[in-house]
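See below for structure21.tsv, which holds TSV, C-alpha atoms.
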chain	number	residue	atom	x	y	z
A	229	MET	CA	4.53	-7.10	-52.85
A	230	ILE	CA	7.88	-8.78	-53.56
A	231	GLU	CA	9.33	-10.52	-50.54
A	232	TYR	CA	13.12	-10.66	-50.70
A	233	ARG	CA	14.91	-13.30	-48.67
A	234	PHE	CA	18.51	-13.26	-47.44
A	235	PRO	CA	18.87	-16.43	-45.33
A	236	GLY	CA	22.40	-16.75	-43.98
A	237	LYS	CA	23.61	-13.58	-45.71
A	238	VAL	CA	25.68	-11.24	-43.56
A	239	VAL	CA	24.81	-7.54	-43.82
A	240	LEU	CA	26.54	-4.56	-42.22
A	241	VAL	CA	24.71	-1.22	-42.15
A	242	THR	CA	26.74	1.72	-40.87
A	243	GLY	CA	24.99	4.20	-38.62
A	244	SER	CA	22.18	1.77	-37.89
A	245	SER	CA	21.43	2.45	-34.24
A	246	ARG	CA	18.37	4.54	-35.20
A	247	GLY	CA	16.66	6.35	-38.05
A	248	MET	CA	16.99	5.19	-41.63
A	249	GLY	CA	19.87	2.84	-40.88
A	250	ALA	CA	17.84	1.02	-38.23
A	251	THR	CA	14.90	0.64	-40.63
A	252	ILE	CA	17.18	-0.75	-43.34
A	253	LEU	CA	18.74	-3.26	-40.97
A	254	GLU	CA	15.33	-4.29	-39.63
A	255	ALA	CA	14.19	-5.02	-43.20
A	256	PHE	CA	17.17	-7.36	-43.57
A	257	ALA	CA	16.40	-8.94	-40.19
A	258	LYS	CA	12.86	-9.72	-41.34
A	259	ALA	CA	14.36	-11.24	-44.50
A	260	GLY	CA	16.53	-13.70	-42.56
A	261	ALA	CA	19.93	-11.99	-42.73
A	262	VAL	CA	22.63	-11.99	-40.07
A	263	CYS	CA	22.72	-8.33	-39.00
A	264	LEU	CA	25.77	-6.30	-38.01
A	265	LEU	CA	24.62	-3.10	-36.32
A	266	ASN	CA	27.19	-0.30	-36.37
A	267	TYR	CA	27.06	2.69	-34.04
A	268	PHE	CA	29.39	5.49	-32.93
A	269	ASN	CA	30.04	5.49	-29.19
A	270	ASP	CA	29.30	9.10	-28.22
A	271	ALA	CA	30.39	10.49	-24.85
A	272	GLU	CA	26.83	10.45	-23.46
A	273	GLY	CA	26.29	6.82	-24.45
A	274	LEU	CA	23.05	7.65	-26.28
A	275	ASN	CA	24.03	5.83	-29.48
A	276	ARG	CA	24.88	2.71	-27.52
A	277	LYS	CA	21.49	2.83	-25.82
A	278	ASP	CA	19.73	3.26	-29.15
A	279	ALA	CA	21.81	0.44	-30.64
A	280	GLU	CA	20.84	-1.98	-27.88
A	281	GLU	CA	17.15	-1.08	-28.24
A	282	THR	CA	17.30	-1.54	-32.01
A	283	ALA	CA	19.14	-4.85	-31.64
A	284	GLY	CA	16.42	-6.07	-29.28
A	285	ARG	CA	13.74	-5.18	-31.81
A	286	LEU	CA	15.62	-6.96	-34.60
A	287	ARG	CA	16.05	-10.10	-32.51
A	288	GLN	CA	12.28	-10.28	-32.12
A	289	HIS	CA	12.25	-11.19	-35.82
A	290	GLY	CA	14.50	-14.16	-35.05
A	291	ALA	CA	17.61	-12.50	-36.47
A	292	THR	CA	21.16	-12.92	-35.25
A	293	VAL	CA	22.41	-9.43	-34.40
A	294	HIS	CA	25.92	-8.27	-33.48
A	295	LEU	CA	26.75	-4.74	-32.32
A	296	LEU	CA	29.91	-3.21	-33.80
A	297	GLU	CA	31.15	0.10	-32.41
A	298	ALA	CA	33.24	2.13	-34.86
A	299	ASP	CA	33.80	5.71	-35.96
A	300	VAL	CA	33.62	5.77	-39.76
A	301	ARG	CA	35.82	8.89	-39.76
A	302	SER	CA	38.74	6.75	-38.56
A	303	PHE	CA	40.54	4.44	-41.00
A	304	ASP	CA	41.82	2.24	-38.17
A	305	SER	CA	38.45	2.11	-36.43
A	306	VAL	CA	36.74	0.96	-39.64
A	307	GLY	CA	39.49	-1.62	-40.18
A	308	GLY	CA	38.91	-2.97	-36.69
A	309	MET	CA	35.16	-3.18	-37.32
A	310	MET	CA	35.67	-5.19	-40.50
A	311	GLN	CA	38.08	-7.53	-38.76
A	312	LYS	CA	35.55	-8.05	-35.97
A	313	ALA	CA	32.90	-8.81	-38.58
A	314	VAL	CA	35.13	-11.54	-40.00
A	315	GLU	CA	35.75	-12.99	-36.54
A	316	LEU	CA	32.01	-13.08	-35.80
A	317	THR	CA	30.60	-14.18	-39.14
A	318	GLY	CA	33.43	-15.17	-41.48
A	319	GLY	CA	32.90	-12.25	-43.87
A	320	LEU	CA	30.35	-9.91	-45.41
A	321	ASP	CA	27.82	-10.36	-48.19
A	322	ILE	CA	26.23	-6.90	-48.13
A	323	LEU	CA	27.62	-3.53	-47.03
A	324	VAL	CA	25.29	-0.53	-46.73
A	325	ASN	CA	27.08	2.78	-46.14
A	326	ASN	CA	24.41	4.82	-44.40
A	327	ALA	CA	26.21	6.77	-41.64
A	328	GLY	CA	25.94	10.50	-42.15
A	329	ILE	CA	25.51	13.90	-40.49
A	330	CYS	CA	24.27	17.40	-41.38
A	331	ARG	CA	25.87	20.71	-40.41
A	332	ASP	CA	23.93	23.18	-42.55
A	333	LYS	CA	25.19	26.75	-42.97
A	334	THR	CA	25.69	29.10	-45.88
A	335	VAL	CA	29.22	29.09	-47.27
A	336	LYS	CA	29.74	32.55	-45.80
A	337	LYS	CA	28.87	31.36	-42.29
A	338	MET	CA	30.21	27.77	-42.48
A	339	SER	CA	33.19	27.08	-40.25
A	340	LEU	CA	36.08	24.89	-41.32
A	341	ASP	CA	35.00	22.35	-38.70
A	342	GLU	CA	31.47	22.23	-40.13
A	343	TRP	CA	32.92	21.64	-43.60
A	344	HIS	CA	35.42	18.97	-42.57
A	345	SER	CA	33.15	17.11	-40.14
A	346	VAL	CA	30.53	16.49	-42.85
A	347	LEU	CA	33.08	15.55	-45.52
A	348	ASP	CA	34.93	13.28	-43.07
A	349	THR	CA	31.77	11.40	-42.11
A	350	ASN	CA	29.69	11.44	-45.29
A	351	LEU	CA	32.41	10.92	-47.91
A	352	THR	CA	35.71	9.86	-46.37
A	353	GLY	CA	33.82	7.49	-44.08
A	354	VAL	CA	32.21	5.82	-47.09
A	355	PHE	CA	35.64	5.51	-48.73
A	356	TYR	CA	37.11	3.88	-45.60
A	357	CYS	CA	34.21	1.43	-45.35
A	358	CYS	CA	34.41	0.56	-49.05
A	359	LYS	CA	38.19	0.12	-48.93
A	360	HIS	CA	38.18	-2.13	-45.86
A	361	GLY	CA	34.83	-3.69	-46.75
A	362	ALA	CA	35.94	-4.82	-50.20
A	363	GLU	CA	38.64	-6.93	-48.54
A	364	VAL	CA	36.12	-8.93	-46.50
A	365	LEU	CA	33.19	-9.00	-48.93
A	366	ARG	CA	32.60	-12.36	-50.52
A	367	ASP	CA	32.60	-12.55	-54.32
A	368	GLY	CA	29.13	-11.78	-55.64
A	369	GLY	CA	28.51	-9.37	-52.78
A	370	ARG	CA	26.83	-5.98	-52.72
A	371	ILE	CA	27.84	-2.46	-51.73
A	372	ILE	CA	25.03	0.09	-51.47
A	373	ASN	CA	25.95	3.68	-50.69
A	374	ILE	CA	23.40	6.18	-49.41
A	375	SER	CA	23.82	9.44	-51.32
A	376	SER	CA	21.14	12.16	-51.50
A	377	ILE	CA	19.03	14.28	-53.79
A	378	ALA	CA	21.18	17.11	-52.43
A	379	ALA	CA	23.97	15.92	-54.74
A	380	TRP	CA	21.89	17.25	-57.67
A	381	ALA	CA	19.60	19.87	-56.19
A	382	GLY	CA	22.15	22.07	-54.44
A	383	PHE	CA	19.94	23.08	-51.53
A	384	HIS	CA	20.67	26.40	-49.83
A	385	GLY	CA	23.07	26.01	-46.91
A	386	GLN	CA	24.25	22.51	-47.81
A	387	ALA	CA	27.56	23.05	-49.60
A	388	ASN	CA	29.29	20.53	-47.34
A	389	TYR	CA	26.50	17.94	-47.44
A	390	ALA	CA	25.88	18.25	-51.18
A	391	ALA	CA	29.59	18.05	-52.01
A	392	ALA	CA	29.98	14.92	-49.88
A	393	LYS	CA	26.94	13.19	-51.37
A	394	ALA	CA	28.03	14.05	-54.92
A	395	GLY	CA	31.41	12.54	-54.07
A	396	VAL	CA	29.67	9.35	-52.94
A	397	ILE	CA	28.06	9.03	-56.38
A	398	ALA	CA	31.43	9.45	-58.13
A	399	LEU	CA	33.04	6.93	-55.77
A	400	THR	CA	30.21	4.48	-56.45
A	401	LYS	CA	30.71	4.67	-60.21
A	402	VAL	CA	34.48	4.12	-60.02
A	403	LEU	CA	34.30	1.30	-57.49
A	404	SER	CA	31.63	-0.51	-59.52
A	405	LYS	CA	34.17	-0.93	-62.31
A	406	GLU	CA	37.01	-1.94	-60.01
A	407	LEU	CA	35.00	-4.68	-58.26
A	408	ALA	CA	33.06	-5.98	-61.27
A	409	LYS	CA	35.54	-8.81	-61.88
A	410	ARG	CA	34.57	-10.22	-58.47
A	411	ARG	CA	30.84	-9.88	-59.32
A	412	ILE	CA	30.46	-7.35	-56.50
A	413	THR	CA	27.92	-4.71	-57.52
A	414	VAL	CA	28.24	-1.16	-56.23
A	415	ASN	CA	25.22	1.14	-56.43
A	416	ALA	CA	23.94	4.25	-54.71
A	417	ILE	CA	20.54	5.39	-53.52
A	418	ALA	CA	19.67	9.08	-53.53
A	419	PRO	CA	16.81	9.67	-51.08
A	420	GLY	CA	14.72	12.80	-51.23
A	421	VAL	CA	13.20	14.30	-48.10
A	422	ILE	CA	12.82	11.35	-45.74
A	423	GLN	CA	11.18	11.44	-42.31
A	424	THR	CA	14.19	10.92	-40.03
A	425	PRO	CA	15.55	12.75	-36.96
A	426	MET	CA	17.84	14.65	-39.37
A	427	LEU	CA	14.78	16.60	-40.57
A	428	GLY	CA	14.83	18.39	-37.23
A	429	VAL	CA	17.38	20.82	-38.67
A	430	ILE	CA	14.94	21.96	-41.39
A	431	ARG	CA	12.41	24.66	-40.52
A	432	PRO	CA	8.75	23.48	-40.67
A	433	GLU	CA	7.80	26.09	-43.27
A	434	VAL	CA	10.66	24.91	-45.52
A	435	LEU	CA	9.54	21.28	-45.14
A	436	ALA	CA	5.99	22.25	-46.03
A	437	GLU	CA	7.24	23.94	-49.19
A	438	TYR	CA	9.27	20.86	-50.13
A	439	GLU	CA	6.23	18.64	-49.64
A	440	LYS	CA	4.20	20.77	-52.07
A	441	GLN	CA	6.82	20.09	-54.76
A	442	ILE	CA	6.84	16.29	-54.37
A	443	PRO	CA	4.59	14.77	-57.07
A	444	VAL	CA	3.36	11.85	-54.94
A	445	GLY	CA	2.22	14.35	-52.31
A	446	ARG	CA	4.07	13.22	-49.21
A	447	LEU	CA	7.47	13.09	-47.56
A	448	GLY	CA	9.42	9.88	-47.89
A	449	ARG	CA	9.44	7.18	-45.23
A	450	THR	CA	12.50	5.27	-44.10
A	451	GLU	CA	10.75	2.12	-45.34
A	452	ASP	CA	10.77	3.56	-48.88
A	453	VAL	CA	14.56	3.64	-48.79
A	454	ALA	CA	14.80	0.22	-47.15
A	455	HIS	CA	12.77	-1.37	-49.96
A	456	ALA	CA	15.15	0.09	-52.55
A	457	VAL	CA	18.17	-1.17	-50.60
A	458	LEU	CA	16.76	-4.70	-50.47
A	459	PHE	CA	16.23	-4.69	-54.23
A	460	LEU	CA	19.82	-3.61	-54.92
A	461	ALA	CA	21.06	-6.23	-52.44
A	462	SER	CA	19.04	-9.02	-54.05
A	463	GLU	CA	20.10	-11.61	-56.63
A	464	GLU	CA	17.60	-10.05	-59.04
A	465	SER	CA	19.79	-6.93	-59.29
A	466	GLU	CA	23.04	-8.74	-60.18
A	467	TYR	CA	23.30	-7.00	-63.60
A	468	ILE	CA	22.86	-3.52	-62.14
A	469	THR	CA	26.03	-1.74	-61.01
A	470	GLY	CA	27.43	1.77	-60.96
A	471	GLN	CA	23.93	3.25	-60.87
A	472	VAL	CA	22.12	5.81	-58.72
A	473	LEU	CA	18.51	5.09	-57.77
A	474	PRO	CA	16.57	8.21	-56.73
A	475	VAL	CA	13.95	7.58	-54.02
A	476	THR	CA	12.27	10.95	-54.12
A	477	GLY	CA	8.57	10.57	-54.84
A	478	GLY	CA	9.19	11.98	-58.31
A	479	TRP	CA	10.87	15.16	-57.08
A	480	PHE	CA	13.72	16.35	-59.37
Represent the supplied structure as structure tokens.
Amino acid sequence: MIEYRFPGKVVLVTGSSRGMGATILEAFAKAGAVCLLNYFNDAEGLNRKDAEETAGRLRQHGATVHLLEADVRSFDSVGGMMQKAVELTGGLDILVNNAGICRDKTVKKMSLDEWHSVLDTNLTGVFYCCKHGAEVLRDGGRIINISSIAAWAGFHGQANYAAAKAGVIALTKVLSKELAKRRITVNAIAPGVIQTPMLGVIRPEVLAEYEKQIPVGRLGRTEDVAHAVLFLASEESEYITGQVLPVTGGWF
């Protein structure tokens, strides 16, 4: 197994208080990176609690971890997070845009709020983070955007989610050209069905049917996505940019 190392590199993963984002950031912590853990401060304080627990786990690997509260839906909030990152660490080397939500409904039943909330978080939030992040990323840095198989598959009830994730792919391709002169690569990962809390919105019988269609015979793990992120963040991937890497177990 390849062991990637990122000693002294500064990585920011949005939405990393739990789930896939936390696994990705933990992989970087094990690899020696300075970790910036982003979370959204919900009214109940649950995300903050999760963020502190995740930070404690990452520090057990000897990593330096800073918590950064920001709402990716807000241009000013993201700008403040990036400025705080500079104050704490001097700049970024790797930005992973992971924060995302689901609000599944058929188009007929989908409210305007359910449409806009997903687009605002899953697409506009990535744009804000890329725009502000590019200003603080060091030359030779990496941007890795988390898209989804939904961008291609068009799953029932996911018009908002699929549209946002398809937009992330288009944004990735354009930005890869705009930042190439600074040797900053911009790539996307399109996970399939991954075992995260977000799966709770999918009925068990639907999940079982999905699993039957996956050639490798199992649902994806958050570690599967983390391994792909580390590859695209590594020096070995410096000639890869503007690409989408499916992590789907062979599905689609």
Residue neighbourhood Ile422 in chain A, 10 Å, only C-alpha atoms, exclusion window fewer than 6 positions, as a list in words: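 Counting only the stated atoms, we get Gly247, Met248, Arg446, Leu447, Gly448, Arg449, Thr450, Glu451, Asp452, Val453, Val475 and Thr476 of chain A.
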Padding 5 Å on each side, edges along x, y and z: where is the centre of the box around the listed atoms of range 378-388 of chain A, and how long are its edges in Å to one decimal? Output it as JSON.
{"center_x": 24.4, "center_y": 21.2, "center_z": -52.3, "size_x": 19.7, "size_y": 20.5, "size_z": 20.8}
Can you pull out every residue within 8 Å of range 289-295 of chain A, counting only C-alpha atoms, but drop anything in the same chain fewer than 6 positions away, and send it as a list in words?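 Here the answer would be Ala257, Lys258, Gly260, Ala261, Val262, Cys263, Leu264, Leu265, Asn266, Tyr267, Ala279, Glu280 and Ala283 of chain A.
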What does the structure give for the distance between CA of Pro443 in chain A and CA of Val421 in chain A, in Å to one decimal? 12.4 Å
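Using all atoms listed in the file for every distance, the candidate list A:Lys393, A:Arg285, A:Gly308, A:Ser339 yields A:Arg285 as the residue closest to Ala255 in chain A.
Counting from CA of Gly382 in chain A, the distance to CA of Glu439 in chain A is 17.0 Å.
Take CA of Val414 in chain A and CA of Arg366 in chain A: the distance between them is 13.3 Å.
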Env of Leu399 in chain A: 12 Å cut, atoms = only C-alpha atoms, seq-sep filter 2 positions within chain, self excluded. Answer as a ChimeraX atom specification. /A:350-359,371-375,392-397,401-406,414-416,470-472
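Ranking A:Arg246, A:His360, A:Lys333, A:Lys409 by their shortest atom-to-atom distance to Lys312 in chain A, with all atoms listed in the file included, puts A:His360 first.
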The residue from A:Asn275, A:Ser305, A:Thr469, A:Thr317 with the smallest atom-to-atom distance to Arg370 in chain A, counting only C-alpha atoms, is A:Thr469
